[in-house]
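A.B. asks: Below is one structure. I have some questions about it.
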Amino acid sequence: MLNHVVLMKFRPGVPEEEIRDLERLLDDLPNRVPEIRMYEFGRDVLRTERSWDFALVGLFANAESLARYQAHPEHRPVVEKIRSLCEHVATVDFYGTDAGAIESASRSWERDPFDSLKLKP
């Protein structure tokens, strides 16, 4: 699965209603664009010095489905809204790992360092 991550830094003074309008547009996209497998978004809650204001994470089957999403007519108004509200936008697209498989694998620091020296029955 292809993860699509968008980070947004709003322009100073963006009205709250404009951000809520963006949230409404984003909330409706999965109902209108079938390529979206998973879709989450939200405002930054920690507000640290290096934080962005808003993030979106979408999950797509592959690069082709992401391209169809980006070209979809329902996506275009969202892009325009983001451009009007943001002074900076960053994106990254990556194929995710199977976190469950990583979690279940034994970690090198948990292994007995003398295991290879032990006699096997």
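We name chains A, B, ... following the order of the structure tokens; residues begin at 1 in each chain, and ligands are numbered from 1 as shown.
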Using only C-alpha atoms, determine which residues lie at most 9 Å from Ala63 (chain A), disregarding the query and same-chain residues fewer than 6 positions distant; provide the list as a list in words.
C.D. replies: Met1, Leu2 and Asp93 of chain A
A.B. asks: Measure the distance from CA of Leu22 (chain A) to CA of Arg76 (chain A) in Å and round it to one decimal.
C.D. replies: 12.5 Å
A.B. asks: Using only C-alpha atoms, determine which residues lie at most 12 Å from Arg37 (chain A), disregarding the query and same-chain residues fewer than 2 positions distant; provide the list as a list in words.
C.D. replies: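 Here the answer would be Met1, Leu2, Asn3, His4, Leu29, Pro30, Asn31, Arg32, Val33, Pro34, Glu35, Tyr39, Glu40, Val57, Gly58, Leu59, Phe60, Ala61, Asn62, Ser65, Leu66 and Tyr69 of chain A.
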A.B. asks: Which of these, A:Arg68, A:Arg11, A:Arg43, A:His75, has the shortest distance to Val89 (chain A) once you count only C-alpha atoms?
C.D. replies: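 Checking each candidate against Val89 (chain A), we get A:Arg11 as the closest.
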A.B. asks: If you run DSSP over the backbone, which residues in chain A end up strand (DSSP E or B)? Put them as a PyMOL selection string.
C.D. replies: chain A and resi 2-10+38-43+54-60+86-95
A.B. asks: Can you spit out the residues from that selection as a PDB file, in the first residue's frame, using C-alpha atoms?
C.D. replies:
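Dumped to part_22.pdb:
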ATOM      1  CA  LEU A   2       1.142   3.514  -0.809  1.00  0.00           C
ATOM      2  CA  ASN A   3       1.002   6.074   1.998  1.00  0.00           C
ATOM      3  CA  HIS A   4       0.352   9.668   0.954  1.00  0.00           C
ATOM      4  CA  VAL A   5       1.240  12.211   3.656  1.00  0.00           C
ATOM      5  CA  VAL A   6       0.584  15.953   3.375  1.00  0.00           C
ATOM      6  CA  LEU A   7       1.766  18.509   5.945  1.00  0.00           C
ATOM      7  CA  MET A   8       0.332  22.019   5.924  1.00  0.00           C
ATOM      8  CA  LYS A   9       1.486  25.285   7.476  1.00  0.00           C
ATOM      9  CA  PHE A  10      -1.320  27.846   7.379  1.00  0.00           C
ATOM     10  CA  MET A  38      -7.926   4.907   4.244  1.00  0.00           C
ATOM     11  CA  TYR A  39      -8.003   8.601   4.987  1.00  0.00           C
ATOM     12  CA  GLU A  40      -7.229  10.529   8.162  1.00  0.00           C
ATOM     13  CA  PHE A  41      -6.527  14.171   8.785  1.00  0.00           C
ATOM     14  CA  GLY A  42      -6.319  16.563  11.673  1.00  0.00           C
ATOM     15  CA  ARG A  43      -4.862  19.612  13.348  1.00  0.00           C
ATOM     16  CA  PHE A  54      -2.382  20.262   9.821  1.00  0.00           C
ATOM     17  CA  ALA A  55      -1.716  16.801   8.392  1.00  0.00           C
ATOM     18  CA  LEU A  56      -3.406  14.356   6.089  1.00  0.00           C
ATOM     19  CA  VAL A  57      -2.580  10.668   5.631  1.00  0.00           C
ATOM     20  CA  GLY A  58      -4.134   8.674   2.815  1.00  0.00           C
ATOM     21  CA  LEU A  59      -3.635   5.044   1.882  1.00  0.00           C
ATOM     22  CA  PHE A  60      -3.763   3.935  -1.756  1.00  0.00           C
ATOM     23  CA  CYS A  86      -1.234  27.560   3.298  1.00  0.00           C
ATOM     24  CA  GLU A  87       2.114  29.271   3.101  1.00  0.00           C
ATOM     25  CA  HIS A  88       3.920  25.893   3.009  1.00  0.00           C
ATOM     26  CA  VAL A  89       2.857  22.381   2.009  1.00  0.00           C
ATOM     27  CA  ALA A  90       5.064  19.290   2.191  1.00  0.00           C
ATOM     28  CA  THR A  91       4.254  15.830   0.904  1.00  0.00           C
ATOM     29  CA  VAL A  92       5.826  12.409   1.043  1.00  0.00           C
ATOM     30  CA  ASP A  93       4.623   9.212  -0.607  1.00  0.00           C
ATOM     31  CA  PHE A  94       6.028   5.879   0.493  1.00  0.00           C
ATOM     32  CA  TYR A  95       5.276   2.187   0.459  1.00  0.00           C
TER      33      TYR A  95
END
A.B. asks: Can you work out the spacing between CA of Gly96 (chain A) and CA of Arg50 (chain A) in Å, to one decimal?
C.D. replies: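 If I compute the distance from CA of Gly96 (chain A) to CA of Arg50 (chain A), I get 24.1 Å.
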A.B. asks: What does the distance between CA of Leu85 (chain A) and CA of Pro12 (chain A) come to in Å, to one decimal place?
C.D. replies: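 That distance, rounded to one decimal, is 9.1 Å.
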A.B. asks: If you run DSSP on this backbone, which residues of region 25-109 of chain A come out as alpha helix (DSSP H), and could you give them as a ChimeraX atom specification?
C.D. replies: /A:25-32,63-71,76-85,99-104
A.B. asks: May I have the selected residues written with N, CA and C atoms, as a CSV table (one decimal), in the first residue's frame?
C.D. replies:
chain,number,residue,atom,x,y,z
A,25,LEU,N,-14.4,19.6,3.4
A,25,LEU,CA,-14.1,19.1,2.1
A,25,LEU,C,-13.3,17.8,2.2
A,26,LEU,N,-12.3,17.7,3.1
A,26,LEU,CA,-11.5,16.5,3.3
A,26,LEU,C,-12.4,15.4,3.8
A,27,ASP,N,-13.3,15.6,4.7
A,27,ASP,CA,-14.1,14.6,5.3
A,27,ASP,C,-15.0,13.9,4.2
A,28,ASP,N,-15.4,14.6,3.2
A,28,ASP,CA,-16.3,14.1,2.2
A,28,ASP,C,-15.5,13.4,1.0
A,29,LEU,N,-14.2,13.6,0.9
A,29,LEU,CA,-13.5,13.0,-0.2
A,29,LEU,C,-13.6,11.4,-0.3
A,30,PRO,N,-13.4,10.7,0.8
A,30,PRO,CA,-13.5,9.3,0.7
A,30,PRO,C,-14.9,8.8,0.2
A,31,ASN,N,-15.9,9.5,0.3
A,31,ASN,CA,-17.2,9.2,-0.2
A,31,ASN,C,-17.3,9.4,-1.7
A,32,ARG,N,-16.4,10.2,-2.2
A,32,ARG,CA,-16.5,10.6,-3.6
A,32,ARG,C,-15.4,10.0,-4.5
A,63,ALA,N,0.8,3.5,-6.9
A,63,ALA,CA,1.0,4.8,-7.5
A,63,ALA,C,0.0,5.2,-8.5
A,64,GLU,N,-0.5,4.3,-9.2
A,64,GLU,CA,-1.5,4.6,-10.2
A,64,GLU,C,-2.8,5.0,-9.6
A,65,SER,N,-3.2,4.4,-8.5
A,65,SER,CA,-4.5,4.8,-7.8
A,65,SER,C,-4.3,6.2,-7.2
A,66,LEU,N,-3.1,6.5,-6.7
A,66,LEU,CA,-2.8,7.8,-6.1
A,66,LEU,C,-2.9,8.9,-7.2
A,67,ALA,N,-2.4,8.5,-8.4
A,67,ALA,CA,-2.4,9.5,-9.5
A,67,ALA,C,-3.9,9.7,-10.0
A,68,ARG,N,-4.7,8.7,-9.9
A,68,ARG,CA,-6.1,8.9,-10.3
A,68,ARG,C,-6.8,9.7,-9.2
A,69,TYR,N,-6.5,9.5,-8.0
A,69,TYR,CA,-7.0,10.4,-6.9
A,69,TYR,C,-6.6,11.8,-7.1
A,70,GLN,N,-5.4,12.1,-7.4
A,70,GLN,CA,-4.9,13.4,-7.6
A,70,GLN,C,-5.5,14.1,-8.8
A,71,ALA,N,-5.9,13.4,-9.8
A,71,ALA,CA,-6.5,13.9,-11.0
A,71,ALA,C,-8.0,14.0,-10.9
A,76,ARG,N,-9.7,18.3,-6.9
A,76,ARG,CA,-9.2,19.6,-7.4
A,76,ARG,C,-9.6,20.8,-6.5
A,77,PRO,N,-10.9,20.9,-6.1
A,77,PRO,CA,-11.3,22.0,-5.1
A,77,PRO,C,-10.5,21.9,-3.8
A,78,VAL,N,-10.2,20.7,-3.3
A,78,VAL,CA,-9.5,20.6,-2.1
A,78,VAL,C,-8.1,21.1,-2.3
A,79,VAL,N,-7.4,20.8,-3.4
A,79,VAL,CA,-6.1,21.3,-3.7
A,79,VAL,C,-6.1,22.9,-3.7
A,80,GLU,N,-7.1,23.4,-4.4
A,80,GLU,CA,-7.2,24.9,-4.4
A,80,GLU,C,-7.4,25.5,-3.1
A,81,LYS,N,-8.2,24.9,-2.2
A,81,LYS,CA,-8.5,25.3,-0.9
A,81,LYS,C,-7.2,25.3,-0.1
A,82,ILE,N,-6.4,24.2,-0.2
A,82,ILE,CA,-5.2,24.1,0.6
A,82,ILE,C,-4.2,25.2,0.1
A,83,ARG,N,-4.1,25.4,-1.2
A,83,ARG,CA,-3.2,26.5,-1.7
A,83,ARG,C,-3.6,27.9,-1.2
A,84,SER,N,-4.9,28.1,-1.0
A,84,SER,CA,-5.4,29.4,-0.6
A,84,SER,C,-5.1,29.6,0.9
A,85,LEU,N,-5.0,28.6,1.7
A,85,LEU,CA,-4.8,28.7,3.1
A,85,LEU,C,-3.4,28.6,3.6
A,99,ALA,N,4.1,-3.3,9.8
A,99,ALA,CA,4.5,-3.1,11.1
A,99,ALA,C,4.2,-4.3,12.0
A,100,GLY,N,3.1,-5.1,11.7
A,100,GLY,CA,2.8,-6.3,12.5
A,100,GLY,C,3.9,-7.3,12.4
A,101,ALA,N,4.5,-7.4,11.2
A,101,ALA,CA,5.6,-8.4,11.0
A,101,ALA,C,6.8,-7.9,11.7
A,102,ILE,N,7.1,-6.6,11.7
A,102,ILE,CA,8.3,-6.1,12.4
A,102,ILE,C,8.1,-6.3,13.9
A,103,GLU,N,6.9,-6.1,14.4
A,103,GLU,CA,6.7,-6.2,15.9
A,103,GLU,C,6.8,-7.6,16.3
A,104,SER,N,6.4,-8.6,15.5
A,104,SER,CA,6.5,-10.0,15.9
A,104,SER,C,7.9,-10.6,15.7
